[in-house]
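Below is one structure, written out as structure tokens, with a few remarks after it.
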Amino acid sequence: MQLSVIILNYNVRYFLEQCVLSVQEALSGIEGEIIVVDNNSDDDSCDMMKTRFPDVTLIENKENSGFPKGNNIGVARARGKYVCILNPDTVVAEDTFVKILAFAKKQKNLGIVGCKLIDGTGNFLPESKRGIPTPWVSFTKIFGLYKIFTNQRLFNQYYAQHISENHTGKVDILVGAFMVMERELYLDVGGFDEDCFMYADDIDLSYSILQKKRNNYYFHETSVIHYKGESTVKDEKYMKRFQEAMEFFYQKHFRKSLFFSVFIKIGIFFFSFVKMFQGKPKPNLLPESYFFFSSDENRCNQLTSVLKNKIAFIDFKKEKMVNSCLISEGKRVEVILDNQYISFKKCIEILETLKHKSVTFKILPKKTNFIIGSNSKNERGEMIKIE
């Protein structure tokens, strides 16, 4: 077997359904398997999996065992030469795994392969590729120096800015939302460290593989939607979790850093102070116009009834390209894409092509009764049922 895709789920039933649909399409023609590990969700994720995807291996944990242990449980059941660690709030293109595996097989001393991640509005997620978070690199991240000195290596290592988002190359750290590696290598390093704190598990695994003299790669030739990107709002709670993660990482791999301990305390104070003066987040404004790309006008009528708004129906069989002139500058627009007629790959391409601050996107996954998407990388996604 070539590939085992491990999806760890916790209470994201609708995102999981869309994710598994996209993975099934991407495994067409590949000898592969899907393993869903559920961390004791209290929604109907497991019932949905049993009903809709009876051939998918489902592991039902009786407790929320966390990200590292949950994935380790899944990999222990895997049979593929390669494993893909995949978040349930992702959408892969139909050719994602074909491209990734072809690239992986050409590499010597392969470690982990990651890919280009975008959020639900089509924008690139910089955590797709990162450097080793040494105390100095973490300092440049926390205080935003990487945004100011984008072309200076001294300051731009956290997000591996020496490599463009549209170029493939070696990087140090990859994100746990999408990781492909040989199963034997995963097992050789012990998988994810189950003692890891939040924000450190993927860093630790990536670094452990580097210690094996393997090469980690960022691969730009396929894009994957990751709906819940990293939050850019750095409050006190975030800083404390970041501190715990980095202290774990340093204690395991480096000597304890006095420099890091001092600056992280300064950072906690600084961001707590800023947080006091931040106003409440602005409410999301509803779209002023809706466009439904499909070939089923009856579905458009259903959406019109649910959303209680006029929706422009665009027959995708006639309009193969989503025309950017439909989007008026400053006018809030939502584009709804019918996956029954538009492939996941094309949906992803449309997000990247039409990305704009005034445009939001939803996907109607094939053979479902809901539309789903995310209007911001800093917020949870949104699901709307179509009755």
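So you can find residues: chains in the structure tokens are A, B, ... in the order shown, residues in each start at 1, and ligands are numbered from 1 in order.
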
- Item | Test item: residues at most 9 Å from A:Val335, only C-alpha atoms, excluding those fewer than 2 positions along its chain, as a ChimeraX atom specification | /A:289-293,333,337,359-363

Could the residues in this selection be written to a file with N, CA and C atoms, as an mmCIF file, in the first residue's frame?
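And here is the file that came out, result_18.cif:
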```cif
data_model
loop_
_atom_site.group_PDB
_atom_site.id
_atom_site.type_symbol
_atom_site.label_atom_id
_atom_site.label_comp_id
_atom_site.auth_asym_id
_atom_site.auth_seq_id
_atom_site.Cartn_x
_atom_site.Cartn_y
_atom_site.Cartn_z
ATOM 1 N N SER A 289 -23.924 40.564 -2.177
ATOM 2 C CA SER A 289 -24.277 39.794 -3.369
ATOM 3 C C SER A 289 -23.791 38.354 -3.219
ATOM 4 N N TYR A 290 -24.562 37.418 -3.788
ATOM 5 C CA TYR A 290 -24.204 36.003 -3.767
ATOM 6 C C TYR A 290 -24.159 35.480 -5.208
ATOM 7 N N PHE A 291 -23.160 34.639 -5.492
ATOM 8 C CA PHE A 291 -23.072 33.975 -6.782
ATOM 9 C C PHE A 291 -22.941 32.478 -6.532
ATOM 10 N N PHE A 292 -23.798 31.693 -7.170
ATOM 11 C CA PHE A 292 -23.784 30.245 -7.006
ATOM 12 C C PHE A 292 -23.343 29.608 -8.315
ATOM 13 N N PHE A 293 -22.161 28.990 -8.308
ATOM 14 C CA PHE A 293 -21.637 28.326 -9.490
ATOM 15 C C PHE A 293 -21.985 26.849 -9.425
ATOM 16 N N VAL A 333 -19.039 40.274 -1.413
ATOM 17 C CA VAL A 333 -19.541 39.223 -2.298
ATOM 18 C C VAL A 333 -19.239 37.870 -1.684
ATOM 19 N N LEU A 337 -19.640 27.483 -4.313
ATOM 20 C CA LEU A 337 -19.173 26.569 -5.350
ATOM 21 C C LEU A 337 -19.769 25.183 -5.134
ATOM 22 N N VAL A 359 -14.317 39.427 -0.601
ATOM 23 C CA VAL A 359 -14.904 38.195 -1.130
ATOM 24 C C VAL A 359 -14.779 37.061 -0.116
ATOM 25 N N THR A 360 -15.879 36.351 0.110
ATOM 26 C CA THR A 360 -15.853 35.138 0.931
ATOM 27 C C THR A 360 -16.318 33.966 0.070
ATOM 28 N N PHE A 361 -16.020 32.768 0.559
ATOM 29 C CA PHE A 361 -16.316 31.574 -0.234
ATOM 30 C C PHE A 361 -16.980 30.509 0.634
ATOM 31 N N LYS A 362 -17.871 29.761 0.028
ATOM 32 C CA LYS A 362 -18.433 28.553 0.632
ATOM 33 C C LYS A 362 -18.400 27.451 -0.421
ATOM 34 N N ILE A 363 -18.284 26.218 0.047
ATOM 35 C CA ILE A 363 -18.347 25.059 -0.842
ATOM 36 C C ILE A 363 -19.561 24.227 -0.457
#
```

- Message: Using DSSP assignments from the backbone, pull out every residue in stretch 41-199 of chain A that falls under strand (DSSP E) and give it to me as a PyMOL selection string.
- Response: chain A and resi 57-60+82-86+90-91+110-118+169-171+178-182

- All residues 10 Å or closer to A:Glu288, only C-alpha atoms, same chain fewer than 2 positions away omitted, as a list of chain:residue names: A:Leu285, A:Leu286, A:Tyr290, A:Asn309, A:Lys310, A:Lys331, A:Arg332, A:Val333, A:Glu334, A:Ser358

- Task: Compare A:Thr368, A:Asp47, A:Leu27, A:Phe67 by their minimum atom-to-atom distance to A:Leu101, counting only C-alpha atoms, and give me the closest one.
- Result: A:Leu27

- Smallest atom-to-atom distance to A:Val36: which of A:Phe15, A:Glu349, A:Ile59, A:Thr51, using only C-alpha atoms? A:Ile59

- Query: What residues in stretch 65-269 of chain A get the DSSP label alpha helix (DSSP H)? Please answer as number ranges by chain.
  - Reply: A: 66-77, 96-106, 135-142, 145-148, 183-188, 201-210, 236-253, 258-269

Would you list the contacts of A:Lys62 as a tab-separated table (two decimals) with all heavy atoms, in the first residue's frame, taking every protein, DNA or RNA residue within 10 Å and counting only C-alpha atoms, but skipping same-chain residues closer than 6 positions in sequence?
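Produced file result_22.tsv, reproduced below:
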```
chain	number	residue	atom	x	y	z
A	38	ASP	N	-11.15	9.38	16.11
A	38	ASP	CA	-12.02	10.36	16.78
A	38	ASP	C	-11.70	10.42	18.27
A	38	ASP	O	-11.70	9.41	18.96
A	38	ASP	CB	-13.49	9.99	16.59
A	38	ASP	CG	-14.40	11.07	17.17
A	38	ASP	OD1	-14.59	12.10	16.51
A	38	ASP	OD2	-14.89	10.88	18.31
A	39	ASN	N	-11.44	11.63	18.74
A	39	ASN	CA	-11.04	11.84	20.13
A	39	ASN	C	-12.26	12.11	21.03
A	39	ASN	O	-12.34	13.14	21.70
A	39	ASN	CB	-10.03	12.99	20.23
A	39	ASN	CG	-8.60	12.49	20.32
A	39	ASN	OD1	-8.37	11.30	20.48
A	39	ASN	ND2	-7.65	13.41	20.21
A	40	ASN	N	-13.20	11.17	21.00
A	40	ASN	CA	-14.37	11.24	21.89
A	40	ASN	C	-15.22	12.48	21.62
A	40	ASN	O	-15.62	13.19	22.55
A	40	ASN	CB	-13.93	11.20	23.36
A	40	ASN	CG	-15.07	10.82	24.29
A	40	ASN	OD1	-15.99	10.10	23.91
A	40	ASN	ND2	-15.02	11.31	25.52
A	41	SER	N	-15.52	12.72	20.34
A	41	SER	CA	-16.39	13.85	19.98
A	41	SER	C	-17.78	13.65	20.54
A	41	SER	O	-18.27	12.53	20.64
A	41	SER	CB	-16.47	13.98	18.45
A	41	SER	OG	-15.22	14.25	17.89
```

Within 10 Å of stretch 174-198 of chain A: each stretch 58-80 of chain A residue with its shortest pair, only C-alpha atoms, as a tab-separated table:
```
residue	atom	partner	partner_atom	distance
A:Ser65	CA	A:Glu194	CA	9.1
A:Gly66	CA	A:Glu194	CA	8.0
A:Phe67	CA	A:Glu194	CA	8.1
A:Pro68	CA	A:Phe192	CA	4.8
A:Lys69	CA	A:Glu194	CA	5.5
A:Gly70	CA	A:Glu194	CA	9.1
A:Asn71	CA	A:Phe192	CA	7.5
A:Asn72	CA	A:Gly191	CA	6.2
A:Ile73	CA	A:Gly191	CA	9.8
A:Val75	CA	A:Arg183	CA	7.5
A:Ala76	CA	A:Leu187	CA	8.4
A:Ala78	CA	A:Arg183	CA	8.0
A:Arg79	CA	A:Arg183	CA	8.3
A:Gly80	CA	A:Arg183	CA	7.0
```

At a cut-off of 10 Å, using only C-alpha atoms, what residues contact stretch 92-94 of chain A? Leave out same-chain residues fewer than 4 positions from it and give the result as a PDB file with C-alpha atoms, in the first residue's frame.
```pdb
ATOM      1  CA  GLN A  18     -15.866  17.464   3.450  1.00  0.00           C
ATOM      2  CA  CYS A  19     -12.260  16.503   4.221  1.00  0.00           C
ATOM      3  CA  VAL A  20     -12.882  12.768   3.800  1.00  0.00           C
ATOM      4  CA  LEU A  21     -14.744  13.419   0.546  1.00  0.00           C
ATOM      5  CA  SER A  22     -11.759  15.319  -0.818  1.00  0.00           C
ATOM      6  CA  VAL A  23      -9.299  12.644   0.370  1.00  0.00           C
ATOM      7  CA  GLN A  24     -11.335   9.894  -1.281  1.00  0.00           C
ATOM      8  CA  GLU A  25     -11.157  11.772  -4.578  1.00  0.00           C
ATOM      9  CA  ALA A  26      -7.412  12.340  -4.138  1.00  0.00           C
ATOM     10  CA  LEU A  27      -6.781   8.625  -3.459  1.00  0.00           C
ATOM     11  CA  SER A  28      -8.518   7.562  -6.672  1.00  0.00           C
ATOM     12  CA  LEU A  86      -3.996  15.611   7.920  1.00  0.00           C
ATOM     13  CA  VAL A  98      -0.183  12.064  -6.776  1.00  0.00           C
ATOM     14  CA  LYS A  99       2.061  15.127  -6.912  1.00  0.00           C
ATOM     15  CA  LEU A 117      -1.674  25.838   2.740  1.00  0.00           C
ATOM     16  CA  PHE A 178      -0.436  18.419   6.495  1.00  0.00           C
ATOM     17  CA  THR A 222      -0.288  21.722  -4.744  1.00  0.00           C
ATOM     18  CA  SER A 223      -2.472  23.881  -2.527  1.00  0.00           C
ATOM     19  CA  VAL A 224      -4.601  22.619   0.348  1.00  0.00           C
ATOM     20  CA  ILE A 225      -7.275  24.602   2.172  1.00  0.00           C
ATOM     21  CA  HIS A 226      -6.782  24.778   5.932  1.00  0.00           C
ATOM     22  CA  SER A 343     -13.802  19.622  -8.538  1.00  0.00           C
ATOM     23  CA  PHE A 344     -12.078  20.320  -5.236  1.00  0.00           C
ATOM     24  CA  LYS A 345      -8.979  21.284  -7.206  1.00  0.00           C
ATOM     25  CA  LYS A 346     -10.960  23.854  -9.169  1.00  0.00           C
ATOM     26  CA  CYS A 347     -12.554  25.155  -5.968  1.00  0.00           C
ATOM     27  CA  ILE A 348      -9.079  25.706  -4.522  1.00  0.00           C
ATOM     28  CA  GLU A 349      -7.917  27.437  -7.713  1.00  0.00           C
TER      29      GLU A 349
END
```

- Task: Tell me which protein, DNA and RNA residues are within 12 Å of stretch 162-172 of chain A, counting only C-alpha atoms, leaving out same-chain ones fewer than 6 positions away, and put them as a ChimeraX atom specification.
- Result: /A:100,103,107,109-118,123-134,146,149-156,202-211,213-223

- Item | Given only C-alpha atoms as the counted atoms, nearest of A:Asp296, A:Glu17, A:Glu382, A:Glu247 to A:Gln340 |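 Of all the options, A:Asp296 lies closest to A:Gln340.
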
- Message: To one decimal place in Å, what is the distance between atom CA of A:Tyr82 and atom CA of A:Ile173?
- Response: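 A separation of 18.6 Å between them.
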
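Atom CA of A:Gly373 to atom CA of A:Asn87 spans 14.9 Å [interatomic distance, one decimal].
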
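With distances restricted to only C-alpha atoms, A:Met1 is the closest residue to A:Glu33 from A:Val91, A:Ala312, A:Ile266, A:Met1.
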